[in-house]
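Student: I am sharing upload-v8.pdb, which consists of PDB, C-alpha atoms:
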```pdb
ATOM      1  CA  MET W   1      63.815 -34.926 -40.150
ATOM      2  CA  ASN W   2      61.829 -31.725 -39.815
ATOM      3  CA  HIS W   3      61.527 -30.030 -36.447
ATOM      4  CA  ILE W   4      57.969 -28.814 -37.014
ATOM      5  CA  TYR W   5      55.684 -30.353 -39.629
ATOM      6  CA  VAL W   6      52.233 -31.956 -39.571
ATOM      7  CA  ASP W   7      51.358 -34.013 -42.636
ATOM      8  CA  SER W   8      48.089 -35.507 -41.384
ATOM      9  CA  GLU W   9      46.034 -36.453 -38.336
ATOM     10  CA  PHE W  10      47.530 -39.953 -38.301
ATOM     11  CA  ALA W  11      51.086 -39.552 -39.595
ATOM     12  CA  PRO W  12      53.482 -40.925 -36.941
ATOM     13  CA  LEU W  13      53.515 -38.614 -33.952
ATOM     14  CA  ARG W  14      57.112 -37.565 -33.128
ATOM     15  CA  ARG W  15      56.848 -34.388 -31.051
ATOM     16  CA  VAL W  16      53.827 -33.085 -29.150
ATOM     17  CA  VAL W  17      52.758 -30.492 -26.584
ATOM     18  CA  VAL W  18      50.682 -31.980 -23.749
ATOM     19  CA  THR W  19      48.538 -29.566 -21.794
ATOM     20  CA  GLN W  20      48.517 -28.662 -18.110
ATOM     21  CA  SER W  21      45.494 -29.136 -15.808
ATOM     22  CA  GLU W  22      44.508 -25.658 -14.659
ATOM     23  CA  PHE W  23      41.107 -23.988 -14.666
ATOM     24  CA  VAL W  24      39.821 -20.888 -12.909
ATOM     25  CA  ILE W  25      36.030 -21.156 -12.885
ATOM     26  CA  PRO W  26      34.472 -17.833 -13.902
ATOM     27  CA  THR W  27      32.278 -16.049 -11.392
ATOM     28  CA  LYS W  28      30.199 -14.973 -14.392
ATOM     29  CA  GLN W  29      29.046 -18.345 -15.722
ATOM     30  CA  GLU W  30      28.809 -18.883 -19.463
ATOM     31  CA  LYS W  31      26.341 -21.287 -21.052
ATOM     32  CA  PHE W  32      28.019 -24.500 -22.170
ATOM     33  CA  SER W  33      25.468 -26.412 -24.228
ATOM     34  CA  PHE W  34      28.063 -28.954 -25.376
ATOM     35  CA  LEU W  35      28.889 -30.246 -21.871
ATOM     36  CA  THR W  36      27.430 -33.187 -19.971
ATOM     37  CA  LYS W  37      25.690 -33.217 -16.610
ATOM     38  CA  GLU W  38      29.026 -34.285 -15.067
ATOM     39  CA  PHE W  39      30.337 -30.781 -15.641
ATOM     40  CA  LEU W  40      27.539 -29.398 -13.502
ATOM     41  CA  GLU W  41      29.129 -31.189 -10.556
ATOM     42  CA  ASN W  42      32.162 -28.951 -11.058
ATOM     43  CA  GLU W  43      30.166 -25.733 -11.008
ATOM     44  CA  ALA W  44      31.038 -23.320  -8.232
ATOM     45  CA  PRO W  45      30.726 -19.586  -7.568
ATOM     46  CA  GLY W  46      34.186 -19.179  -9.036
ATOM     47  CA  GLY W  47      37.798 -19.858  -8.169
ATOM     48  CA  LEU W  48      40.642 -22.246  -8.896
ATOM     49  CA  PHE W  49      39.283 -25.703  -9.618
ATOM     50  CA  GLY W  50      42.130 -27.349  -7.706
ATOM     51  CA  ASP W  51      41.304 -25.415  -4.547
ATOM     52  CA  LEU W  52      37.583 -26.155  -4.810
ATOM     53  CA  PHE W  53      37.927 -29.830  -5.778
ATOM     54  CA  PRO W  54      41.368 -31.069  -4.635
ATOM     55  CA  ASP W  55      40.561 -34.784  -5.079
ATOM     56  CA  LYS W  56      39.367 -34.241  -8.636
ATOM     57  CA  GLN W  57      42.405 -32.080  -9.321
ATOM     58  CA  ARG W  58      44.734 -34.935  -8.332
ATOM     59  CA  LEU W  59      42.843 -37.337 -10.578
ATOM     60  CA  TRP W  60      42.943 -34.804 -13.411
ATOM     61  CA  GLU W  61      46.709 -34.395 -13.156
ATOM     62  CA  GLN W  62      47.118 -38.171 -13.045
ATOM     63  CA  GLU W  63      45.123 -38.501 -16.263
ATOM     64  CA  ARG W  64      47.529 -36.212 -18.064
ATOM     65  CA  ALA W  65      50.531 -38.035 -16.529
ATOM     66  CA  ASP W  66      49.125 -41.344 -17.814
ATOM     67  CA  LEU W  67      48.682 -39.768 -21.245
ATOM     68  CA  VAL W  68      52.328 -38.659 -21.253
ATOM     69  CA  ALA W  69      53.424 -42.172 -20.242
ATOM     70  CA  VAL W  70      51.616 -43.747 -23.217
ATOM     71  CA  LEU W  71      53.093 -41.242 -25.649
ATOM     72  CA  GLN W  72      56.612 -41.757 -24.325
ATOM     73  CA  LYS W  73      56.121 -45.519 -24.617
ATOM     74  CA  TYR W  74      55.933 -44.935 -28.377
ATOM     75  CA  GLY W  75      58.999 -42.707 -28.430
ATOM     76  CA  VAL W  76      57.124 -39.412 -28.698
ATOM     77  CA  GLU W  77      58.949 -36.328 -27.418
ATOM     78  CA  VAL W  78      56.620 -34.509 -25.005
ATOM     79  CA  LEU W  79      56.762 -30.782 -24.268
ATOM     80  CA  ARG W  80      54.587 -28.952 -21.707
ATOM     81  CA  PRO W  81      53.323 -25.356 -21.423
ATOM     82  CA  ARG W  82      54.269 -23.426 -18.305
ATOM     83  CA  LYS W  83      51.820 -23.120 -15.421
ATOM     84  CA  MET W  84      49.706 -19.983 -15.047
ATOM     85  CA  THR W  85      51.103 -17.168 -12.921
ATOM     86  CA  ASP W  86      49.277 -15.910  -9.826
ATOM     87  CA  TYR W  87      48.292 -12.826 -11.803
ATOM     88  CA  GLU W  88      46.778 -14.910 -14.595
ATOM     89  CA  LYS W  89      44.760 -16.868 -12.054
ATOM     90  CA  THR W  90      43.402 -13.866 -10.166
ATOM     91  CA  HIS W  91      43.298 -10.714 -12.310
ATOM     92  CA  ASP W  92      39.864 -11.316 -13.905
ATOM     93  CA  PRO W  93      37.681 -13.554 -11.704
ATOM     94  CA  ALA W  94      34.534 -12.738 -13.709
ATOM     95  CA  SER W  95      36.047 -14.211 -16.883
ATOM     96  CA  GLY W  96      38.091 -16.954 -15.234
ATOM     97  CA  ALA W  97      41.115 -18.491 -16.926
ATOM     98  CA  ALA W  98      42.142 -21.767 -18.530
ATOM     99  CA  ASN W  99      45.280 -23.749 -19.244
ATOM    100  CA  PHE W 100      43.707 -27.130 -19.936
ATOM    101  CA  PHE W 101      43.282 -27.882 -23.666
ATOM    102  CA  VAL W 102      46.345 -26.923 -25.686
ATOM    103  CA  ARG W 103      44.776 -28.094 -28.962
ATOM    104  CA  ASP W 104      42.877 -24.847 -29.401
ATOM    105  CA  PRO W 105      45.213 -21.862 -28.788
ATOM    106  CA  PHE W 106      47.485 -22.903 -31.683
ATOM    107  CA  PHE W 107      47.777 -25.556 -34.367
ATOM    108  CA  THR W 108      50.246 -26.857 -36.937
ATOM    109  CA  VAL W 109      49.630 -27.460 -40.647
ATOM    110  CA  GLY W 110      52.619 -28.608 -42.676
ATOM    111  CA  PRO W 111      55.445 -26.239 -41.640
ATOM    112  CA  TYR W 112      53.015 -23.563 -40.425
ATOM    113  CA  LEU W 113      52.849 -22.859 -36.682
ATOM    114  CA  ILE W 114      49.656 -20.853 -36.245
ATOM    115  CA  GLU W 115      48.283 -19.070 -33.196
ATOM    116  CA  GLY W 116      44.495 -19.038 -33.240
ATOM    117  CA  ALA W 117      41.920 -16.914 -31.426
ATOM    118  CA  LEU W 118      39.453 -18.392 -28.920
ATOM    119  CA  ARG W 119      35.798 -17.435 -28.511
ATOM    120  CA  PHE W 120      35.027 -18.132 -24.814
ATOM    121  CA  ARG W 121      36.234 -15.371 -22.499
ATOM    122  CA  HIS W 122      37.889 -17.705 -19.998
ATOM    123  CA  ARG W 123      40.024 -19.142 -22.823
ATOM    124  CA  ARG W 124      41.051 -16.022 -24.739
ATOM    125  CA  ASP W 125      44.435 -15.766 -22.976
ATOM    126  CA  GLU W 126      45.132 -19.493 -23.053
ATOM    127  CA  VAL W 127      47.897 -19.052 -25.601
ATOM    128  CA  PHE W 128      50.133 -17.191 -23.136
ATOM    129  CA  PRO W 129      51.281 -20.225 -21.067
ATOM    130  CA  VAL W 130      52.460 -21.818 -24.307
ATOM    131  CA  ARG W 131      53.721 -18.644 -26.015
ATOM    132  CA  ASP W 132      57.367 -18.995 -24.884
ATOM    133  CA  LEU W 133      57.411 -22.548 -26.209
ATOM    134  CA  LEU W 134      55.921 -21.418 -29.535
ATOM    135  CA  MET W 135      58.446 -18.654 -29.952
ATOM    136  CA  LYS W 136      61.348 -20.972 -29.207
ATOM    137  CA  GLU W 137      60.046 -23.657 -31.548
ATOM    138  CA  GLY W 138      59.200 -21.139 -34.234
ATOM    139  CA  PHE W 139      62.456 -19.218 -34.118
ATOM    140  CA  ASP W 140      64.747 -22.254 -33.728
ATOM    141  CA  SER W 141      63.365 -24.008 -36.804
ATOM    142  CA  ASP W 142      62.271 -23.458 -40.377
ATOM    143  CA  ALA W 143      58.649 -23.180 -39.246
ATOM    144  CA  ILE W 144      56.499 -20.344 -40.553
ATOM    145  CA  TYR W 145      55.155 -18.809 -37.340
ATOM    146  CA  VAL W 146      52.056 -16.619 -37.762
ATOM    147  CA  ALA W 147      49.061 -15.528 -35.687
ATOM    148  CA  LEU W 148      45.409 -14.798 -36.372
ATOM    149  CA  PRO W 149      44.335 -11.146 -35.895
ATOM    150  CA  LYS W 150      43.162 -10.400 -32.367
ATOM    151  CA  PRO W 151      39.346 -10.657 -32.096
ATOM    152  CA  ASP W 152      37.428  -7.371 -32.243
ATOM    153  CA  THR W 153      36.128  -6.363 -28.801
ATOM    154  CA  SER W 154      34.805  -2.928 -29.810
ATOM    155  CA  ASP W 155      31.376  -3.945 -28.480
ATOM    156  CA  GLY W 156      32.837  -5.020 -25.143
ATOM    157  CA  PRO W 157      34.628  -8.072 -23.719
ATOM    158  CA  ASP W 158      31.811 -10.427 -24.729
ATOM    159  CA  SER W 159      31.883  -9.307 -28.357
ATOM    160  CA  GLN W 160      31.328 -12.071 -30.887
ATOM    161  CA  LYS W 161      32.739 -10.159 -33.877
ATOM    162  CA  GLY W 162      35.824 -12.370 -34.125
ATOM    163  CA  PRO W 163      37.675 -13.515 -36.072
ATOM    164  CA  PHE W 164      37.816 -16.827 -34.188
ATOM    165  CA  LEU W 165      39.790 -19.898 -35.193
ATOM    166  CA  GLU W 166      40.398 -22.788 -32.773
ATOM    167  CA  GLY W 167      42.674 -25.775 -33.266
ATOM    168  CA  GLY W 168      39.958 -28.261 -32.337
ATOM    169  CA  ASP W 169      38.149 -27.196 -35.497
ATOM    170  CA  VAL W 170      41.149 -27.779 -37.746
ATOM    171  CA  LEU W 171      41.841 -31.263 -39.182
ATOM    172  CA  VAL W 172      44.694 -31.949 -41.589
ATOM    173  CA  TYR W 173      44.848 -34.587 -44.315
ATOM    174  CA  GLY W 174      47.814 -33.925 -46.575
ATOM    175  CA  LYS W 175      47.028 -30.812 -48.582
ATOM    176  CA  ASN W 176      43.432 -30.804 -47.356
ATOM    177  CA  ILE W 177      42.460 -28.710 -44.325
ATOM    178  CA  PHE W 178      38.994 -28.964 -42.793
ATOM    179  CA  VAL W 179      37.612 -26.233 -40.527
ATOM    180  CA  GLY W 180      34.524 -26.791 -38.380
ATOM    181  CA  LYS W 181      31.839 -24.196 -37.768
ATOM    182  CA  SER W 182      29.062 -24.658 -35.209
ATOM    183  CA  GLY W 183      28.757 -21.126 -33.844
ATOM    184  CA  LEU W 184      30.504 -22.078 -30.596
ATOM    185  CA  ALA W 185      34.125 -21.686 -31.703
ATOM    186  CA  SER W 186      35.632 -20.907 -35.146
ATOM    187  CA  ASP W 187      33.732 -18.489 -37.378
ATOM    188  CA  ASP W 188      33.683 -17.388 -41.022
ATOM    189  CA  GLY W 189      36.380 -14.793 -40.392
ATOM    190  CA  GLY W 190      38.803 -17.371 -39.023
ATOM    191  CA  TYR W 191      38.049 -19.785 -41.848
ATOM    192  CA  LEU W 192      38.569 -17.125 -44.536
ATOM    193  CA  TRP W 193      41.825 -15.981 -42.919
ATOM    194  CA  LEU W 194      43.181 -19.544 -42.991
ATOM    195  CA  LYS W 195      41.946 -20.066 -46.546
ATOM    196  CA  HIS W 196      43.697 -16.884 -47.674
ATOM    197  CA  LEU W 197      46.913 -17.973 -45.937
ATOM    198  CA  MET W 198      47.063 -21.605 -47.035
ATOM    199  CA  GLU W 199      45.477 -21.937 -50.469
ATOM    200  CA  PRO W 200      48.301 -20.026 -52.231
ATOM    201  CA  GLN W 201      50.619 -22.660 -50.697
ATOM    202  CA  GLY W 202      48.755 -25.468 -52.485
ATOM    203  CA  TYR W 203      46.298 -26.407 -49.736
ATOM    204  CA  THR W 204      42.530 -26.757 -50.084
ATOM    205  CA  VAL W 205      40.650 -25.323 -47.100
ATOM    206  CA  THR W 206      37.076 -26.581 -46.617
ATOM    207  CA  GLN W 207      34.570 -25.354 -44.068
ATOM    208  CA  VAL W 208      32.487 -28.085 -42.372
ATOM    209  CA  PRO W 209      29.175 -26.871 -40.849
ATOM    210  CA  LEU W 210      28.253 -28.609 -37.586
ATOM    211  CA  LEU W 211      25.241 -28.984 -35.347
ATOM    212  CA  PRO W 212      25.033 -25.985 -32.986
ATOM    213  CA  ASN W 213      25.785 -28.025 -29.851
ATOM    214  CA  VAL W 214      29.071 -29.443 -31.209
ATOM    215  CA  LEU W 215      32.026 -27.477 -29.888
ATOM    216  CA  HIS W 216      34.664 -28.494 -32.447
ATOM    217  CA  LEU W 217      35.076 -30.566 -35.583
ATOM    218  CA  ASP W 218      37.338 -33.029 -33.735
ATOM    219  CA  CYS W 219      34.379 -33.893 -31.510
ATOM    220  CA  ALA W 220      32.495 -35.143 -34.589
ATOM    221  CA  MET W 221      35.223 -36.588 -36.824
ATOM    222  CA  SER W 222      38.497 -38.459 -36.246
ATOM    223  CA  LEU W 223      40.826 -39.630 -39.021
ATOM    224  CA  VAL W 224      42.333 -42.909 -37.799
ATOM    225  CA  ARG W 225      44.418 -43.910 -40.818
ATOM    226  CA  ASP W 226      44.234 -43.548 -44.565
ATOM    227  CA  GLY W 227      40.844 -45.013 -45.474
ATOM    228  CA  LEU W 228      39.379 -45.228 -41.933
ATOM    229  CA  MET W 229      37.544 -42.634 -39.870
ATOM    230  CA  ILE W 230      35.292 -42.332 -36.817
ATOM    231  CA  VAL W 231      32.432 -39.939 -37.466
ATOM    232  CA  ALA W 232      29.085 -38.690 -36.215
ATOM    233  CA  GLU W 233      27.722 -38.282 -39.711
ATOM    234  CA  LYS W 234      24.457 -36.668 -38.581
ATOM    235  CA  ALA W 235      26.403 -33.898 -36.836
ATOM    236  CA  LEU W 236      27.925 -32.757 -40.152
ATOM    237  CA  LEU W 237      25.240 -30.543 -41.672
ATOM    238  CA  GLY W 238      26.684 -30.755 -45.177
ATOM    239  CA  GLY W 239      27.514 -34.427 -44.927
ATOM    240  CA  ILE W 240      30.921 -36.079 -44.800
ATOM    241  CA  PRO W 241      33.470 -34.215 -46.975
ATOM    242  CA  ALA W 242      33.709 -35.745 -50.448
ATOM    243  CA  VAL W 243      37.379 -36.700 -50.103
ATOM    244  CA  PHE W 244      36.323 -39.282 -47.479
ATOM    245  CA  ALA W 245      33.380 -40.704 -49.432
ATOM    246  CA  ASP W 246      34.982 -44.120 -50.008
ATOM    247  CA  TRP W 247      36.515 -44.474 -46.536
ATOM    248  CA  ASP W 248      35.507 -47.132 -44.036
ATOM    249  CA  LYS W 249      33.482 -45.330 -41.372
ATOM    250  CA  ILE W 250      32.847 -46.176 -37.730
ATOM    251  CA  ILE W 251      29.560 -44.334 -37.164
ATOM    252  CA  VAL W 252      28.796 -42.702 -33.819
ATOM    253  CA  ASP W 253      25.447 -41.211 -32.781
ATOM    254  CA  PRO W 254      25.492 -37.411 -32.325
ATOM    255  CA  GLU W 255      24.285 -37.925 -28.740
ATOM    256  CA  GLU W 256      27.667 -39.460 -27.941
ATOM    257  CA  ILE W 257      29.583 -36.353 -28.970
ATOM    258  CA  GLN W 258      29.251 -34.668 -25.580
ATOM    259  CA  TYR W 259      31.062 -37.633 -23.973
ATOM    260  CA  LEU W 260      34.026 -37.070 -26.348
ATOM    261  CA  THR W 261      33.619 -40.539 -27.825
ATOM    262  CA  ILE W 262      35.255 -39.425 -31.071
ATOM    263  CA  ASN W 263      38.024 -37.269 -29.588
ATOM    264  CA  GLY W 264      40.704 -39.956 -29.489
ATOM    265  CA  LEU W 265      44.283 -39.575 -30.681
ATOM    266  CA  PRO W 266      46.033 -41.533 -33.444
ATOM    267  CA  ILE W 267      49.639 -42.155 -32.419
ATOM    268  CA  ASN W 268      50.348 -43.558 -35.866
ATOM    269  CA  GLU W 269      48.372 -45.406 -38.565
ATOM    270  CA  ARG W 270      48.354 -48.600 -36.483
ATOM    271  CA  THR W 271      47.797 -47.227 -32.964
ATOM    272  CA  TYR W 272      44.942 -45.211 -31.496
ATOM    273  CA  LEU W 273      44.493 -43.790 -27.984
ATOM    274  CA  THR W 274      41.066 -43.537 -26.358
ATOM    275  CA  ASP W 275      39.281 -43.829 -23.002
ATOM    276  CA  TYR W 276      38.540 -47.116 -21.251
ATOM    277  CA  ALA W 277      34.898 -45.970 -21.333
ATOM    278  CA  PHE W 278      34.852 -46.728 -25.054
ATOM    279  CA  LYS W 279      36.592 -50.108 -24.962
ATOM    280  CA  ASP W 280      33.450 -52.040 -25.928
ATOM    281  CA  THR W 281      32.384 -49.576 -28.635
ATOM    282  CA  ILE W 282      35.049 -47.590 -30.470
ATOM    283  CA  GLY W 283      37.848 -49.828 -29.181
ATOM    284  CA  LYS W 284      36.093 -52.986 -30.347
ATOM    285  CA  GLU W 285      35.463 -51.578 -33.832
ATOM    286  CA  LEU W 286      39.057 -50.387 -34.192
ATOM    287  CA  LYS W 287      40.418 -53.743 -33.084
ATOM    288  CA  LYS W 288      38.295 -55.461 -35.766
ATOM    289  CA  ARG W 289      40.110 -53.310 -38.309
ATOM    290  CA  GLY W 290      43.582 -54.225 -37.079
ATOM    291  CA  ILE W 291      44.240 -51.109 -34.999
ATOM    292  CA  THR W 292      46.124 -51.428 -31.711
ATOM    293  CA  VAL W 293      44.157 -49.475 -29.089
ATOM    294  CA  GLU W 294      45.758 -47.878 -26.030
ATOM    295  CA  TYR W 295      43.486 -46.874 -23.137
ATOM    296  CA  VAL W 296      43.720 -44.203 -20.436
ATOM    297  CA  HIS W 297      41.045 -43.201 -17.919
ATOM    298  CA  PHE W 298      40.131 -39.616 -18.838
ATOM    299  CA  ASP W 299      36.892 -38.932 -16.965
ATOM    300  CA  ILE W 300      37.869 -35.584 -15.414
ATOM    301  CA  SER W 301      39.313 -34.194 -18.637
ATOM    302  CA  ARG W 302      36.213 -35.230 -20.565
ATOM    303  CA  SER W 303      33.955 -33.544 -18.015
ATOM    304  CA  PHE W 304      35.449 -30.217 -19.146
ATOM    305  CA  GLY W 305      34.545 -30.866 -22.781
ATOM    306  CA  GLY W 306      37.822 -32.218 -24.153
ATOM    307  CA  SER W 307      39.700 -35.475 -24.394
ATOM    308  CA  PHE W 308      42.923 -36.810 -25.918
ATOM    309  CA  ARG W 309      43.077 -34.729 -29.072
ATOM    310  CA  CYS W 310      42.089 -31.612 -27.128
ATOM    311  CA  SER W 311      44.849 -32.264 -24.569
ATOM    312  CA  THR W 312      47.611 -32.506 -27.178
ATOM    313  CA  GLN W 313      48.995 -30.426 -30.035
ATOM    314  CA  PRO W 314      51.456 -32.063 -32.418
ATOM    315  CA  LEU W 315      54.547 -30.242 -33.540
ATOM    316  CA  LEU W 316      55.813 -33.070 -35.710
ATOM    317  CA  ARG W 317      53.786 -35.710 -37.545
ATOM    318  CA  GLU W 318      55.453 -37.181 -40.617
TER
END
```
Can you turn what I pasted into structure tokens?
Tutor:
Amino acid sequence: MNHIYVDSEFAPLRRVVVTQSEFVIPTKQEKFSFLTKEFLENEAPGGLFGDLFPDKQRLWEQERADLVAVLQKYGVEVLRPRKMTDYEKTHDPASGAANFFVRDPFFTVGPYLIEGALRFRHRRDEVFPVRDLLMKEGFDSDAIYVALPKPDTSDGPDSQKGPFLEGGDVLVYGKNIFVGKSGLASDDGGYLWLKHLMEPQGYTVTQVPLLPNVLHLDCAMSLVRDGLMIVAEKALLGGIPAVFADWDKIIVDPEEIQYLTINGLPINERTYLTDYAFKDTIGKELKKRGITVEYVHFDISRSFGGSFRCSTQPLLRE
């Protein structure tokens, strides 16, 4: 068995990184058009979320513990990033800091372990809590460990020159890689870098334009098993990619994207993990199609704009 390899979104999950629950709210607030009104309840002048909202912090940590318990129930090996240091939490209060959605700082395609580059200022250093783990995994295996060029900040710390490439925008289906682009995360530079890297290795890399209020592709499309997907078709500006034309589709309204309705996690082709909030919608439709559905309450995590896929990054799916 390989140590690091991702064949598809739904190949049996063997090894995975599950995120921590840390967020330093920036004193300089950014505009988050993709978030729900629930996030506004978390707004504060700035500071460590756990200090400002200790009850919510405990619930948030419990959500991730419940996620780990479900994964271990299916025999999945779970790894965790380290916690942020005091310096990481305090050195740039204007920008804030994050260690809460491990899907985005890096991603895995086949044997490639790839560090991305994040657009929002409070997330640009989010790779560092997981960097030691990446180096160990990369150097102790046959993985090909590479990193995107650092984004250009010649215009200042808020520069949008990129390149940006975030794991939430990257979906894998065999030799097909799909990269989302809404203007909020990954950009043309990140897409072209990945295309240049992977197409000589036999992959096809396709950019998927999204509505401008959709953060990542995995908020609009989830591949459940071969031949079955959950999708907000109207959020895909160029339509559903042709390779999925004949698939059975569970259609979700674009208005549901901000609640992370689509951001569930296939554990394997027969088992899917989602929130209890979607038991009578997504869960019901999956059950009709013979999928076993596992449920975890994930309200706090979803209020930050990410759910089960965002909270995990597979190292081995085959």
Student: Which residues, written as a PDB file with C-alpha atoms, in the coordinates of the input, have at least one atom at most 9 Å from region 237-249 of chain W, with all atoms listed in the file counted and residues fewer than 5 positions away on the same chain left out?
Tutor:
```
ATOM      1  CA  ASN W 176      43.432 -30.804 -47.356  1.00  0.00           C
ATOM      2  CA  PHE W 178      38.994 -28.964 -42.793  1.00  0.00           C
ATOM      3  CA  THR W 206      37.076 -26.581 -46.617  1.00  0.00           C
ATOM      4  CA  VAL W 208      32.487 -28.085 -42.372  1.00  0.00           C
ATOM      5  CA  PRO W 209      29.175 -26.871 -40.849  1.00  0.00           C
ATOM      6  CA  LEU W 210      28.253 -28.609 -37.586  1.00  0.00           C
ATOM      7  CA  LEU W 211      25.241 -28.984 -35.347  1.00  0.00           C
ATOM      8  CA  ASP W 226      44.234 -43.548 -44.565  1.00  0.00           C
ATOM      9  CA  GLY W 227      40.844 -45.013 -45.474  1.00  0.00           C
ATOM     10  CA  LEU W 228      39.379 -45.228 -41.933  1.00  0.00           C
ATOM     11  CA  MET W 229      37.544 -42.634 -39.870  1.00  0.00           C
ATOM     12  CA  ILE W 230      35.292 -42.332 -36.817  1.00  0.00           C
ATOM     13  CA  VAL W 231      32.432 -39.939 -37.466  1.00  0.00           C
TER      14      VAL W 231
END
```
Student: Choose the residue, out of W:Ala220, W:Phe120, W:Ser21, W:Asp155, that has the smallest atom-to-atom separation from Leu59 (chain W); count only C-alpha atoms.
Tutor: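 Among the listed residues, the smallest separation from Leu59 (chain W) belongs to W:Ser21.
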Student: Evaluating the PyMOL selection byres ((chain W and resi 224) around 7) on the displayed file yields which residues, as a short mmCIF file (atom, residue, chain, number, x, y, z; two decimals) with C-alpha atoms, in the coordinates of the input?
Tutor:
```cif
data_model
loop_
_atom_site.label_atom_id
_atom_site.label_comp_id
_atom_site.auth_asym_id
_atom_site.auth_seq_id
_atom_site.Cartn_x
_atom_site.Cartn_y
_atom_site.Cartn_z
CA PHE W 10 47.53 -39.95 -38.30
CA SER W 222 38.50 -38.46 -36.25
CA LEU W 223 40.83 -39.63 -39.02
CA ARG W 225 44.42 -43.91 -40.82
CA LEU W 228 39.38 -45.23 -41.93
CA MET W 229 37.54 -42.63 -39.87
CA PRO W 266 46.03 -41.53 -33.44
CA GLU W 269 48.37 -45.41 -38.56
#
```
Student: Leaving out region 263-265 of chain W and any residue of its chain fewer than 2 positions from it, which residues lie within 8 Å of it when counting only C-alpha atoms, given as a PyMOL selection string?
Tutor: chain W and resi 218-222+260-261+267+272-275+306-310
Student: With C-alpha atoms kept, could you save the residues just selected as a PDB file, in the coordinates of the input?
Tutor:
```pdb
ATOM      1  CA  ASP W 218      37.338 -33.029 -33.735  1.00  0.00           C
ATOM      2  CA  CYS W 219      34.379 -33.893 -31.510  1.00  0.00           C
ATOM      3  CA  ALA W 220      32.495 -35.143 -34.589  1.00  0.00           C
ATOM      4  CA  MET W 221      35.223 -36.588 -36.824  1.00  0.00           C
ATOM      5  CA  SER W 222      38.497 -38.459 -36.246  1.00  0.00           C
ATOM      6  CA  LEU W 260      34.026 -37.070 -26.348  1.00  0.00           C
ATOM      7  CA  THR W 261      33.619 -40.539 -27.825  1.00  0.00           C
ATOM      8  CA  ILE W 267      49.639 -42.155 -32.419  1.00  0.00           C
ATOM      9  CA  TYR W 272      44.942 -45.211 -31.496  1.00  0.00           C
ATOM     10  CA  LEU W 273      44.493 -43.790 -27.984  1.00  0.00           C
ATOM     11  CA  THR W 274      41.066 -43.537 -26.358  1.00  0.00           C
ATOM     12  CA  ASP W 275      39.281 -43.829 -23.002  1.00  0.00           C
ATOM     13  CA  GLY W 306      37.822 -32.218 -24.153  1.00  0.00           C
ATOM     14  CA  SER W 307      39.700 -35.475 -24.394  1.00  0.00           C
ATOM     15  CA  PHE W 308      42.923 -36.810 -25.918  1.00  0.00           C
ATOM     16  CA  ARG W 309      43.077 -34.729 -29.072  1.00  0.00           C
ATOM     17  CA  CYS W 310      42.089 -31.612 -27.128  1.00  0.00           C
TER      18      CYS W 310
END
```
Student: With a distance cut-off of 9 Å and all atoms listed in the file, select the neighbouring residues of Leu13 (chain W), excluding the residue or stretch itself and same-chain residues fewer than 4 positions from it, and output the selection as a list in words.
Tutor: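 That gives Val6, Glu9, Leu71, Tyr74, Gly75, Val76, Glu77, Pro266, Ile267, Asn268, Pro314, Leu315, Leu316, Arg317 and Glu318 of chain W.
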Student: List the residues matched by the PyMOL selection byres ((chain W and resi 116) around 6) in the displayed structure as a PDB file with C-alpha atoms, keeping the file's coordinate frame, ordered by chain and then by residue number.
Tutor:
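Output contents, as saved in expr.pdb:
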```
ATOM      1  CA  PRO W 105      45.213 -21.862 -28.788  1.00  0.00           C
ATOM      2  CA  PHE W 106      47.485 -22.903 -31.683  1.00  0.00           C
ATOM      3  CA  GLU W 115      48.283 -19.070 -33.196  1.00  0.00           C
ATOM      4  CA  ALA W 117      41.920 -16.914 -31.426  1.00  0.00           C
ATOM      5  CA  LEU W 148      45.409 -14.798 -36.372  1.00  0.00           C
ATOM      6  CA  LEU W 165      39.790 -19.898 -35.193  1.00  0.00           C
ATOM      7  CA  GLU W 166      40.398 -22.788 -32.773  1.00  0.00           C
TER       8      GLU W 166
END
```
Student: Can you list, as a ChimeraX atom specification, the residues that the PyMOL selection byres ((chain W and resi 119) around 12) selects here?
Tutor: /W:30,104-105,116-118,120-126,150-153,157-167,182-187,190,215-216
Student: Which is closest to Ile300 (chain W) among W:Tyr145, W:Tyr173, W:Tyr259, W:Phe139, if we use all atoms listed in the file?
Tutor: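 With all atoms listed in the file as the atom set, the closest residue is W:Tyr259.
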Student: Pick the closest to Ile4 (chain W) from W:Lys175, W:Arg58, W:Lys195, W:Lys136: which is it, counting only C-alpha atoms?
Tutor: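 Comparing W:Lys175, W:Arg58, W:Lys195, W:Lys136 against Ile4 (chain W), the winner is W:Lys136.
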Student: Taking into account all atoms listed in the file, which residue in the set W:His297, W:Arg103, W:Arg15, W:Lys287 is nearest to Glu61 (chain W)?
Tutor: W:His297
Student: Under the rule that only C-alpha atoms are counted, which of W:Leu133, W:Leu67, W:Ile291, W:Ile262 is the nearest residue to Ala277 (chain W)?
Tutor: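 The shortest atom-to-atom distance to Ala277 (chain W) comes from W:Ile262.
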Student: Can you work out the spacing between CA of Arg131 (chain W) and CA of Thr108 (chain W) in Å, to one decimal?
Tutor: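 Between CA of Arg131 (chain W) and CA of Thr108 (chain W) the gap works out to 14.1 Å.
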Student: Which of these residues is nearest to Gln201 (chain W), using all atoms listed in the file: W:Arg270, W:Ile144, W:Leu52, W:Phe101?
Tutor: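 Ranked by minimum distance to Gln201 (chain W), first place goes to W:Ile144.
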Student: State, in Å with one decimal place, the distance from CA of Pro111 (chain W) to CA of Ser8 (chain W).
Tutor: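 CA of Ser8 (chain W) lies at a distance of 11.8 Å from CA of Pro111 (chain W).
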Student: Could you work out an axis-aligned bounding box for all listed atoms of region 236-242 of chain W, with 3 Å added on each of the six sides, and give its centre and edge lengths in Å to one decimal, as AutoDock Vina command-line options?
Tutor:
```
--center_x 29.5 --center_y -33.3 --center_z -45.3 --size_x 14.5 --size_y 11.5 --size_z 16.3
```
